[in-house]
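S.K.: What follows is target-v4.txt; its format and atoms are compact mmCIF, C-alpha atoms and all ligand atoms.
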# COMPACT_ATOMS: atom_id res chain seq x y z
CA MET Q 661 -1.67 -16.32 -16.60
CA PRO Q 662 0.82 -16.10 -13.71
CA SER Q 663 1.17 -19.17 -11.54
CA LEU Q 664 3.22 -20.61 -8.72
CA GLY Q 665 3.97 -24.33 -8.67
CA GLY Q 666 5.66 -26.86 -6.41
CA VAL Q 667 4.50 -25.16 -3.24
CA CYS Q 668 2.46 -26.07 -0.21
CA ALA Q 669 -0.59 -23.78 0.07
CA LEU Q 670 -2.65 -23.07 3.20
CA VAL Q 671 -6.13 -22.93 1.73
CA GLY Q 672 -9.65 -22.07 2.82
CA GLU Q 673 -11.04 -20.87 6.14
CA ASN Q 674 -9.08 -23.52 8.01
CA LEU Q 675 -5.66 -22.94 6.41
CA GLU Q 676 -5.49 -26.62 5.40
CA PRO Q 677 -2.20 -27.52 3.67
CA LEU Q 678 -2.33 -28.66 0.05
CA PHE Q 679 1.00 -30.17 -1.03
CA GLU Q 680 2.71 -30.16 -4.43
CA CYS Q 681 0.29 -27.40 -5.26
CA GLU Q 682 -0.08 -25.04 -8.20
CA ILE Q 683 -1.87 -21.70 -7.85
CA VAL Q 684 -2.95 -19.86 -10.98
CA TRP Q 685 -4.37 -16.34 -10.94
CA LYS Q 686 -5.81 -13.98 -13.52
CA GLY Q 687 -6.08 -10.29 -12.75
CA ASP Q 688 -6.91 -10.02 -9.05
CA LYS Q 689 -8.63 -13.44 -8.79
CA ILE Q 690 -7.33 -16.92 -8.14
CA VAL Q 691 -8.58 -19.18 -10.95
CA SER Q 692 -7.24 -22.53 -9.79
CA ILE Q 693 -5.55 -24.18 -6.81
CA GLU Q 694 -4.65 -27.81 -7.33
CA GLY Q 695 -2.65 -30.02 -5.01
CA LYS Q 696 -2.65 -33.12 -2.80
CA LYS Q 697 -3.74 -33.54 0.81
CA GLU Q 698 -0.54 -35.47 1.41
CA GLY Q 699 2.69 -35.07 -0.47
CA LYS Q 700 6.25 -33.78 -0.51
CA PHE Q 701 7.08 -30.51 1.25
CA GLU Q 702 10.05 -28.82 -0.36
CA GLY Q 703 10.08 -25.80 1.95
CA ARG Q 704 7.98 -23.20 0.10
CA VAL Q 705 4.58 -22.32 1.50
CA VAL Q 706 1.90 -19.95 0.24
CA LEU Q 707 -0.44 -18.44 2.79
CA PRO Q 708 -3.01 -15.62 2.72
CA SER Q 709 -1.19 -12.30 3.07
CA PHE Q 710 -1.18 -10.59 6.45
CA VAL Q 711 -3.95 -8.16 7.31
CA ASN Q 712 -2.74 -5.85 10.06
CA ALA Q 713 -6.08 -5.19 11.74
CA HIS Q 714 -5.14 -2.09 13.73
CA THR Q 715 -2.43 0.50 13.13
CA HIS Q 716 -1.68 4.20 13.51
CA ILE Q 717 0.75 4.72 10.62
CA GLY Q 718 0.48 8.47 11.24
CA ASP Q 719 2.79 8.37 14.26
CA SER Q 720 5.64 6.65 12.38
CA ILE Q 721 7.57 9.87 13.00
CA ALA Q 722 7.61 9.31 16.78
CA LYS Q 723 9.14 5.82 17.08
CA GLU Q 724 10.11 4.94 20.65
CA ALA Q 725 9.06 8.36 22.02
CA TYR Q 726 6.67 6.56 24.40
CA VAL Q 727 9.42 4.94 26.48
CA GLY Q 728 8.83 5.63 30.17
CA LEU Q 729 5.37 7.17 29.63
CA THR Q 730 1.85 6.03 30.49
CA LEU Q 731 -0.90 5.45 27.93
CA GLU Q 732 -2.42 8.90 28.57
CA GLN Q 733 0.94 10.67 28.49
CA THR Q 734 1.63 8.99 25.14
CA VAL Q 735 -1.64 9.11 23.17
CA ASP Q 736 -4.21 11.35 24.91
CA PRO Q 737 -5.77 13.30 21.98
CA HIS Q 738 -5.60 16.60 23.93
CA THR Q 739 -2.37 16.42 25.88
CA GLY Q 740 -0.38 13.34 24.75
CA LEU Q 741 3.20 13.51 23.48
CA LYS Q 742 2.06 12.01 20.18
CA THR Q 743 -0.26 14.95 19.48
CA LYS Q 744 2.56 17.41 20.21
CA ILE Q 745 5.02 15.60 17.92
CA LEU Q 746 2.47 15.37 15.08
CA GLN Q 747 1.62 19.08 15.40
CA SER Q 748 5.26 20.14 15.34
CA SER Q 749 6.20 18.05 12.27
CA THR Q 750 5.95 19.18 8.66
CA LYS Q 751 3.69 17.37 6.19
CA LYS Q 752 6.76 16.24 4.28
CA GLU Q 753 8.33 14.72 7.39
CA LEU Q 754 5.07 12.96 8.30
CA VAL Q 755 4.54 11.50 4.81
CA SER Q 756 8.16 10.38 4.53
CA ALA Q 757 8.01 8.52 7.87
CA MET Q 758 4.69 6.88 6.90
CA ARG Q 759 6.07 5.74 3.53
CA LYS Q 760 8.96 3.99 5.24
CA ALA Q 761 6.57 2.09 7.53
CA LEU Q 762 4.34 1.13 4.59
CA LYS Q 763 7.31 -0.11 2.55
CA GLN Q 764 8.26 -2.26 5.50
CA CYS Q 765 4.73 -3.71 5.47
CA VAL Q 766 5.25 -4.89 1.89
CA ALA Q 767 8.60 -6.47 2.78
CA LEU Q 768 6.91 -8.31 5.66
CA GLY Q 769 3.98 -9.67 3.62
CA VAL Q 770 1.31 -7.29 4.94
CA THR Q 771 -0.97 -6.27 2.04
CA HIS Q 772 -3.80 -4.61 3.97
CA LEU Q 773 -3.93 -2.40 7.05
CA LEU Q 774 -6.90 -1.09 9.01
CA ASP Q 775 -5.50 2.25 10.07
CA PHE Q 776 -6.81 4.80 12.56
CA ARG Q 777 -6.18 8.18 11.07
CA GLU Q 778 -5.99 11.43 12.99
CA GLY Q 779 -6.33 14.94 11.60
CA GLY Q 780 -9.70 14.90 9.81
CA VAL Q 781 -9.90 15.07 6.01
CA GLU Q 782 -6.40 16.58 5.79
CA GLY Q 783 -5.00 13.62 7.74
CA LEU Q 784 -6.68 11.21 5.33
CA LYS Q 785 -5.10 13.02 2.38
CA LEU Q 786 -1.62 12.72 3.89
CA ALA Q 787 -2.05 8.99 4.50
CA LYS Q 788 -3.25 8.47 0.93
CA ALA Q 789 -0.25 10.41 -0.38
CA ALA Q 790 2.08 8.26 1.75
CA CYS Q 791 0.54 5.09 0.32
CA GLU Q 792 0.79 6.06 -3.34
CA GLY Q 793 2.73 3.60 -5.48
CA ILE Q 794 3.38 1.25 -2.56
CA GLY Q 795 1.80 -2.19 -2.79
CA VAL Q 796 -0.39 -2.00 0.29
CA GLN Q 797 -3.99 -1.00 0.86
CA LEU Q 798 -4.66 1.34 3.75
CA ALA Q 799 -8.25 1.00 4.92
CA LEU Q 800 -8.50 4.34 6.73
CA PHE Q 801 -10.66 5.04 9.76
CA GLY Q 802 -10.83 8.82 10.04
CA ARG Q 803 -11.95 11.15 12.80
CA LEU Q 804 -12.60 14.84 13.48
CA SER Q 805 -9.58 17.12 13.22
CA LYS Q 806 -10.19 18.33 16.78
CA PRO Q 807 -11.77 16.24 19.54
CA PRO Q 808 -14.65 18.01 21.38
CA LEU Q 809 -13.71 19.81 24.59
CA LYS Q 810 -14.18 17.81 27.79
CA GLN Q 811 -16.83 20.16 29.19
CA ARG Q 812 -19.08 19.59 26.18
CA VAL Q 813 -18.69 15.83 26.59
CA LEU Q 814 -19.56 15.95 30.29
CA SER Q 815 -22.74 17.92 29.61
CA ASN Q 816 -23.81 15.35 26.99
CA GLU Q 817 -23.85 17.86 24.14
CA ARG Q 818 -24.44 16.94 20.51
CA PHE Q 819 -21.94 17.69 17.75
CA SER Q 820 -22.14 21.19 16.29
CA GLU Q 821 -23.32 21.58 12.68
CA ALA Q 822 -19.71 22.22 11.62
CA GLU Q 823 -18.48 19.06 13.37
CA LEU Q 824 -21.25 17.01 11.79
CA GLU Q 825 -20.40 18.34 8.37
CA GLU Q 826 -16.74 17.43 8.93
CA LEU Q 827 -17.73 13.95 10.08
CA HIS Q 828 -19.70 13.41 6.85
CA LYS Q 829 -16.68 14.52 4.81
CA VAL Q 830 -14.39 12.19 6.76
CA CYS Q 831 -16.79 9.33 6.14
CA GLU Q 832 -16.92 10.02 2.41
CA ALA Q 833 -13.14 9.95 2.16
CA ALA Q 834 -12.46 6.96 4.46
CA HIS Q 835 -13.26 3.29 4.96
CA GLY Q 836 -14.94 4.20 8.23
CA ILE Q 837 -14.74 6.21 11.42
CA GLY Q 838 -12.11 5.38 14.03
CA VAL Q 839 -13.19 6.52 17.50
CA SER Q 840 -10.28 7.10 19.87
CA GLY Q 841 -12.46 6.08 22.82
CA ALA Q 842 -15.96 6.47 24.25
CA ASN Q 843 -14.54 8.68 27.03
CA GLU Q 844 -13.75 11.40 24.48
CA TYR Q 845 -17.42 11.74 23.41
CA SER Q 846 -20.86 12.20 24.95
CA ASP Q 847 -23.57 9.54 24.61
CA ARG Q 848 -25.30 11.73 22.05
CA MET Q 849 -22.12 12.19 20.03
CA LEU Q 850 -21.52 8.43 20.01
CA GLU Q 851 -25.02 7.95 18.60
CA GLN Q 852 -24.38 10.61 15.98
CA ILE Q 853 -21.14 8.92 14.87
CA ARG Q 854 -23.08 5.68 14.34
CA GLU Q 855 -25.78 7.52 12.35
CA VAL Q 856 -23.29 9.28 10.08
CA ALA Q 857 -21.38 6.04 9.36
CA LYS Q 858 -24.64 4.24 8.65
CA ALA Q 859 -25.76 6.94 6.23
CA HIS Q 860 -22.58 6.34 4.21
CA GLY Q 861 -22.54 2.55 4.58
CA LYS Q 862 -19.17 2.76 6.34
CA LEU Q 863 -17.69 0.95 9.35
CA VAL Q 864 -17.15 2.19 12.91
CA ALA Q 865 -14.16 1.06 14.95
CA VAL Q 866 -13.35 2.06 18.53
CA HIS Q 867 -10.62 1.61 21.12
CA CYS Q 868 -12.32 0.04 24.13
CA LEU Q 869 -11.22 -1.21 27.57
CA GLU Q 870 -7.56 -0.65 26.71
CA SER Q 871 -6.58 -0.24 30.34
CA LYS Q 872 -8.21 -0.72 33.71
CA ASN Q 873 -8.33 3.08 34.06
CA THR Q 874 -10.53 3.68 31.04
CA ARG Q 875 -13.50 1.49 32.02
CA ASN Q 876 -15.08 3.64 34.75
CA ARG Q 877 -13.67 7.06 33.87
CA LEU Q 878 -17.09 8.55 33.00
CA LYS Q 879 -19.37 6.04 34.70
CA GLN Q 880 -20.51 8.52 37.32
CA VAL Q 881 -21.42 11.04 34.64
CA PHE Q 882 -23.30 8.78 32.25
CA GLY Q 883 -24.32 5.86 34.48
CA LYS Q 884 -22.69 3.36 32.13
CA ASP Q 885 -19.09 2.18 31.82
CA GLU Q 886 -16.93 2.50 28.72
CA PHE Q 887 -17.98 -0.83 27.22
CA GLN Q 888 -21.67 -0.29 27.90
CA ARG Q 889 -21.58 3.15 26.30
CA CYS Q 890 -19.84 1.78 23.20
CA PHE Q 891 -22.20 -1.14 22.97
CA THR Q 892 -25.37 0.89 23.55
CA PHE Q 893 -24.72 4.11 21.62
CA LEU Q 894 -21.86 3.61 19.16
CA LYS Q 895 -22.62 0.01 18.14
CA PRO Q 896 -19.18 -0.43 16.53
CA ASP Q 897 -18.23 -2.98 13.89
CA ILE Q 898 -14.75 -3.33 15.39
CA PHE Q 899 -13.74 -3.34 19.07
CA VAL Q 900 -10.00 -2.67 19.37
CA HIS Q 901 -8.04 -3.83 22.45
CA MET Q 902 -10.59 -5.22 24.97
CA THR Q 903 -7.55 -5.80 27.20
CA CYS Q 904 -9.62 -5.69 30.37
CA ALA Q 905 -12.85 -7.18 28.97
CA THR Q 906 -14.69 -9.97 30.77
CA ARG Q 907 -15.69 -13.20 29.07
CA LYS Q 908 -19.27 -12.01 28.94
CA GLU Q 909 -18.31 -8.72 27.29
CA LEU Q 910 -16.18 -10.51 24.69
CA ALA Q 911 -19.05 -12.87 23.88
CA LEU Q 912 -21.50 -9.97 23.60
CA ALA Q 913 -19.20 -7.78 21.50
CA SER Q 914 -18.24 -10.59 19.12
CA LYS Q 915 -21.89 -11.23 18.20
CA THR Q 916 -22.04 -7.99 16.23
CA ALA Q 917 -18.42 -6.91 15.83
CA THR Q 918 -14.89 -8.12 15.15
CA LEU Q 919 -12.50 -8.09 18.11
CA VAL Q 920 -8.98 -6.84 17.45
CA CYS Q 921 -6.12 -7.26 19.93
CA CYS Q 922 -2.71 -5.62 20.01
CA PRO Q 923 -0.76 -7.61 22.60
CA ARG Q 924 2.67 -6.03 22.12
CA SER Q 925 1.19 -2.53 22.36
CA ASN Q 926 -0.78 -3.38 25.52
CA ALA Q 927 2.38 -4.74 27.12
CA ALA Q 928 4.62 -1.85 26.06
CA LEU Q 929 2.17 0.77 27.35
CA ALA Q 930 1.84 -0.98 30.71
CA ASN Q 931 -1.79 -2.02 30.17
CA GLY Q 932 -1.34 -5.76 30.73
CA PHE Q 933 -2.21 -8.52 28.29
CA PRO Q 934 -5.42 -9.11 26.29
CA PRO Q 935 -7.53 -12.24 26.96
CA LEU Q 936 -6.27 -13.92 23.79
CA ARG Q 937 -7.55 -17.44 24.40
CA GLU Q 938 -11.12 -16.09 24.49
CA VAL Q 939 -10.54 -13.58 21.69
CA LEU Q 940 -9.24 -16.31 19.35
CA LYS Q 941 -12.27 -18.43 20.18
CA HIS Q 942 -14.37 -15.54 18.88
CA LYS Q 943 -12.24 -15.27 15.70
CA GLY Q 944 -10.56 -12.04 16.77
CA ALA Q 945 -7.79 -10.46 14.72
CA LEU Q 946 -4.33 -9.08 15.53
CA GLY Q 947 -2.95 -5.61 14.96
CA THR Q 948 0.34 -3.90 15.78
CA ASP Q 949 -1.18 -0.53 16.87
CA ASN Q 950 0.89 2.69 16.96
CA VAL Q 951 4.10 2.67 14.92
CA MET Q 952 5.55 4.92 17.62
CA VAL Q 953 5.28 1.91 19.95
CA ASN Q 954 5.67 -1.12 17.67
CA SER Q 955 7.03 -2.30 14.37
CA VAL Q 956 4.39 -3.24 11.78
CA ASP Q 957 5.73 -6.82 11.88
CA MET Q 958 2.95 -9.40 12.11
CA PHE Q 959 5.49 -12.21 12.60
CA ARG Q 960 6.61 -10.60 15.86
CA GLU Q 961 3.00 -9.95 16.87
CA MET Q 962 2.05 -13.60 16.30
CA GLU Q 963 4.97 -15.03 18.25
CA PHE Q 964 4.36 -12.68 21.17
CA ALA Q 965 0.62 -13.43 21.11
CA TYR Q 966 1.12 -17.19 21.13
CA LYS Q 967 3.66 -17.13 23.93
CA ILE Q 968 1.78 -14.84 26.30
CA LEU Q 969 -1.40 -16.80 25.63
CA VAL Q 970 0.27 -19.99 26.80
CA GLY Q 971 2.31 -18.36 29.55
CA LEU Q 972 -0.51 -16.42 31.15
CA THR Q 973 -3.07 -19.21 31.11
CA LYS Q 974 -0.46 -21.78 32.23
CA LYS Q 975 -2.08 -24.38 29.98
CA PRO Q 976 -0.60 -25.90 26.82
CA PHE Q 977 -2.33 -24.63 23.66
CA ASP Q 978 -2.11 -26.66 20.46
CA ASP Q 979 -4.32 -24.48 18.25
CA VAL Q 980 -1.41 -22.39 16.95
CA LYS Q 981 -3.29 -22.20 13.68
CA SER Q 982 -5.83 -19.87 15.33
CA VAL Q 983 -3.02 -17.33 15.87
CA LEU Q 984 -2.09 -17.52 12.18
CA LYS Q 985 -5.77 -17.04 11.27
CA ALA Q 986 -5.91 -13.94 13.51
CA ALA Q 987 -3.04 -12.44 11.54
CA THR Q 988 -4.24 -13.38 8.05
CA LEU Q 989 -7.93 -14.31 7.80
CA ASN Q 990 -10.04 -12.95 10.63
CA ALA Q 991 -10.11 -9.30 9.56
CA ARG Q 992 -10.60 -10.17 5.87
CA PRO Q 993 -14.42 -10.01 5.94
CA LEU Q 994 -14.18 -6.35 7.04
CA LEU Q 995 -12.47 -5.67 3.71
CA ARG Q 996 -14.68 -8.14 1.79
CA LEU Q 997 -11.67 -10.38 1.12
CA LYS Q 998 -11.65 -14.17 1.04
CA PRO Q 999 -9.11 -16.78 2.12
CA LEU Q 1000 -7.09 -18.70 -0.50
CA CYS Q 1001 -9.72 -20.33 -2.71
CA VAL Q 1002 -10.82 -20.50 -6.33
CA ASP Q 1003 -12.52 -17.17 -7.19
CA GLY Q 1004 -10.93 -15.66 -4.09
CA ASP Q 1005 -8.76 -12.54 -4.21
CA ALA Q 1006 -5.12 -13.07 -5.13
CA ASN Q 1007 -3.62 -11.69 -1.92
CA PHE Q 1008 -0.94 -14.05 -0.69
CA VAL Q 1009 2.61 -14.46 0.53
CA LEU Q 1010 5.22 -17.03 -0.48
CA LEU Q 1011 7.52 -18.03 2.36
CA ASN Q 1012 10.71 -20.00 1.87
CA LEU Q 1013 11.16 -22.05 5.05
CA LYS Q 1014 14.04 -24.24 3.82
CA LYS Q 1015 16.46 -22.74 6.34
CA LEU Q 1016 14.08 -23.62 9.16
CA LYS Q 1017 13.78 -27.30 8.28
CA PRO Q 1018 13.43 -29.75 9.93
CA PHE Q 1019 10.30 -28.89 11.93
CA TRP Q 1020 7.29 -30.77 13.24
CA ASN Q 1021 4.46 -28.27 12.91
CA LEU Q 1022 4.08 -26.08 9.82
CA HIS Q 1023 1.62 -23.55 11.28
CA ALA Q 1024 3.70 -23.22 14.44
CA VAL Q 1025 6.97 -22.66 12.60
CA ILE Q 1026 5.37 -19.76 10.72
CA VAL Q 1027 3.99 -18.25 13.95
CA ASN Q 1028 7.12 -18.73 16.02
CA ARG Q 1029 10.12 -18.56 13.70
CA ALA Q 1030 9.36 -17.07 10.27
CA GLN Q 1031 10.53 -13.52 9.63
CA GLU Q 1032 11.11 -10.97 6.91
CA GLU Q 1033 14.02 -12.91 5.36
CA ASN Q 1034 11.65 -15.83 4.69
CA VAL Q 1035 9.23 -13.69 2.64
CA GLU Q 1036 10.14 -14.54 -0.94
CA MET Q 1037 7.16 -13.07 -2.72
CA VAL Q 1038 4.10 -10.92 -1.94
CA VAL Q 1039 1.07 -10.69 -4.23
CA LYS Q 1040 -1.57 -8.01 -3.66
CA GLN Q 1041 -4.75 -8.04 -5.73
CA GLY Q 1042 -2.91 -10.15 -8.33
CA LEU Q 1043 0.12 -7.85 -8.57
CA VAL Q 1044 3.55 -8.98 -7.46
CA VAL Q 1045 4.60 -6.24 -5.02
CA LYS Q 1046 7.71 -8.00 -3.69
CA THR Q 1047 9.70 -10.82 -5.20
CA LEU Q 1048 13.06 -12.40 -4.68
CA ILE Q 1049 12.46 -15.01 -7.37
CA ARG Q 1050 12.82 -14.78 -11.13
CA GLN Q 1051 9.76 -13.25 -12.80
CA ASP Q 1052 9.83 -15.80 -15.65
CA ALA Q 1053 9.32 -18.54 -13.05
CA LEU Q 1054 5.81 -17.10 -12.59
CA THR Q 1055 4.60 -17.51 -16.13
CA ALA Q 1056 2.66 -20.68 -16.81
ZN ZN G 1 -4.90 2.17 18.52
Spell out the structure here as structure tokens.

M.R.:
Amino acid sequence: MPSLGGVCALVGENLEPLFECEIVWKGDKIVSIEGKKEGKFEGRVVLPSFVNAHTHIGDSIAKEAYVGLTLEQTVDPHTGLKTKILQSSTKKELVSAMRKALKQCVALGVTHLLDFREGGVEGLKLAKAACEGIGVQLALFGRLSKPPLKQRVLSNERFSEAELEELHKVCEAAHGIGVSGANEYSDRMLEQIREVAKAHGKLVAVHCLESKNTRNRLKQVFGKDEFQRCFTFLKPDIFVHMTCATRKELALASKTATLVCCPRSNAALANGFPPLREVLKHKGALGTDNVMVNSVDMFREMEFAYKILVGLTKKPFDDVKSVLKAATLNARPLLRLKPLCVDGDANFVLLNLKKLKPFWNLHAVIVNRAQEENVEMVVKQGLVVKTLIRQDALTA
């Protein structure tokens, strides 16, 4: 059975360090983790692998095209630059750009991504092709190939039979449905999305309250704001962004759903900063959002998140561990994955932090200073998908 010894491991729901630890795994399960609560720290640490809780790998072809544009100009499903670039690219170009981003995920210790996928069933196929043979799992959240026209939304129409049929097919082929935003659908359509996902036992995720402009866009038409419409009709399992959410909304949403924030994306697209202190209290997760806007690097996302959290609230914050949990653990239940524990899934990362010694806070040094060069090994479902150490060192 493969094993790793002489490491410090961050185990369980609370990422508690176990020193001088040995981890043994068989197939995709961890069979033993033994170590001491206090002991020597040589510089190698094993932590649960990163789960990037919100991405759009599909726009890897359009990196940095957003510069100087607003959110709508960049990603509006009807008129945004992203849609134009995707439509004018060949399948080969799209898949090749996605593969590069996914390979980078492996190098950075990301084993799982929750990815919003445009382009209906065909879009799902392309993403699956891009992922083939690369050691990451893409949990895909698909959508209709064409969003309904605005006039149909404003008159609170239902989906056509053809749209419903497509939605069922998307659901069958995906991990769930990814709704670009409540403003792109009528109340009835939002209800139908929920019903279709429920019939297939799949998840629903939605972008919500990304900017101050999205909240009241259709309030006069439907009598409810964006959050209320999501909460009442769509009943999502995942709320993405919540940049402009109130405390009350965050508390309400987190009772039935996981919150996911993308602080670097919100900043880059001029939408402000998410209320991270509250979101972390509710065990929210972190995602890097569109590849056209951001790298898939969860190290960068964590450092940015921690620093804006402290800077914006102007209060010291010692729970750096909660940022690390947001990047590794908090989205795991959505994929039915566990933290590092006996009988848990063997999805972990080995970091070599020797170059960063000495330091006073292990969780903080990972959040603030670790980077790709520190990732020495990545294990996904028991398989070594990246390693810079000798393979024979793994055999017990
Ligand atoms: Zn997004």

S.K.: Hey, what's within 8 Å of Q:Asp688 if we count all atoms listed in the file and toss same-chain stuff fewer than 6 positions away? As a VMD selection string, please?

M.R.: chain Q and resid 1005 to 1006 1040 to 1043

S.K.: Can you work out which one of Q:Leu827, Q:His901, Q:Leu1016, Q:Ser709 has the shortest atom-to-atom distance to Q:Cys765, counting only C-alpha atoms?

M.R.: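 The closest residue to Q:Cys765 is Q:Ser709.
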
S.K.: What's the 12 Å shell around Q:Phe891, counting all atoms listed in the file, without same-chain residues fewer than 3 positions away, as a PyMOL selection string?

M.R.: chain Q and resi 842+847+850-851+854+864-866+868-869+884-888+894-899+909-910+912-917

S.K.: So how many Å separate atom CA of Q:Ala757 and atom CA of Q:Asp719, to one decimal?

M.R.: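 About the pair atom CA of Q:Ala757 and atom CA of Q:Asp719: they are 8.3 Å apart.
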
S.K.: Select the residues contacting ligand ZN 1 (chain G) at a distance of at most 12 Å, based on only C-alpha atoms and all ligand atoms, then format the selection as a PyMOL selection string.

M.R.: chain Q and resi 712-719+731+734-737+774-778+801+838-841+865-870+898-902+920-926+929+946-954

S.K.: Write out as a VMD selection string which residues come within 7 Å of Q:Pro935 when counting all atoms listed in the file, dropping same-chain ones fewer than 3 positions away.

M.R.: chain Q and resid 903 938 to 939

S.K.: Those residues you just picked out, can you put them in a file as an mmCIF file, in the frame of the given file with C-alpha atoms?

M.R.:
data_model
loop_
_atom_site.group_PDB
_atom_site.id
_atom_site.type_symbol
_atom_site.label_atom_id
_atom_site.label_comp_id
_atom_site.auth_asym_id
_atom_site.auth_seq_id
_atom_site.Cartn_x
_atom_site.Cartn_y
_atom_site.Cartn_z
ATOM 1 C CA THR Q 903 -7.550 -5.800 27.200
ATOM 2 C CA GLU Q 938 -11.120 -16.090 24.490
ATOM 3 C CA VAL Q 939 -10.540 -13.580 21.690
#

S.K.: Could you work out how far atom CA of Q:Ala799 lies from atom CA of Q:Thr906, giving the answer in Å with one decimal?

M.R.: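 It comes out at 28.8 Å.
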
S.K.: Would you pick out the contacts of stretch 967-981 of chain Q at 9 Å or less, using all atoms listed in the file, so that residues sharing its chain but fewer than 2 positions from it are not included, and give the list as an MDAnalysis selection string?

M.R.: chainID Q and resid 674:675 923 933:937 962:965 983:986 1023:1024 1027:1028

S.K.: So that I can see what lies close to Q:Glu1033, please list as a CSV table (one decimal) with C-alpha atoms, in the frame of the given file the residues with an atom at most 9 Å from it, counting only C-alpha atoms and leaving out residues fewer than 4 positions away in the same chain.

M.R.:
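So selection_12.csv came out as:
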chain,number,residue,atom,x,y,z
Q,767,ALA,CA,8.6,-6.5,2.8
Q,768,LEU,CA,6.9,-8.3,5.7
Q,1011,LEU,CA,7.5,-18.0,2.4
Q,1012,ASN,CA,10.7,-20.0,1.9

S.K.: Which residue, Q:Cys831, Q:Cys681, Q:Val766, Q:Ala1030, has the smallest gap to Q:Lys858 when you use only C-alpha atoms?

M.R.: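 The closest residue to Q:Lys858 is Q:Cys831.
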
S.K.: Let me know the centre plus edge lengths, in Å and rounded to one decimal, of a box with edges along x, y and z that contains all listed atoms of stretch 853-866 of chain Q and is padded by 8 Å on every side, as AutoDock Vina command-line options.

M.R.:
--center_x -19.6 --center_y 5.1 --center_z 11.4 --size_x 28.4 --size_y 24.3 --size_z 30.3

S.K.: Quick check, in Å to one decimal: how far apart do atom CA of Q:Ala822 and atom CA of Q:Ser805 lie?

M.R.: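 Distance reported for this atom pair: 11.5 Å.
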
S.K.: Under the rule that all atoms listed in the file are counted, which of Q:Ser820, Q:Trp685, Q:Val671, Q:Val1002 is the nearest residue to Q:Lys697?

M.R.: Q:Val671

S.K.: Using only C-alpha atoms, can you tell me which of Q:Leu824, Q:Leu670, Q:Ala761, Q:Ala930 comes closest to Q:Tyr726?

M.R.: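 Comparing Q:Leu824, Q:Leu670, Q:Ala761, Q:Ala930 against Q:Tyr726, the winner is Q:Ala930.
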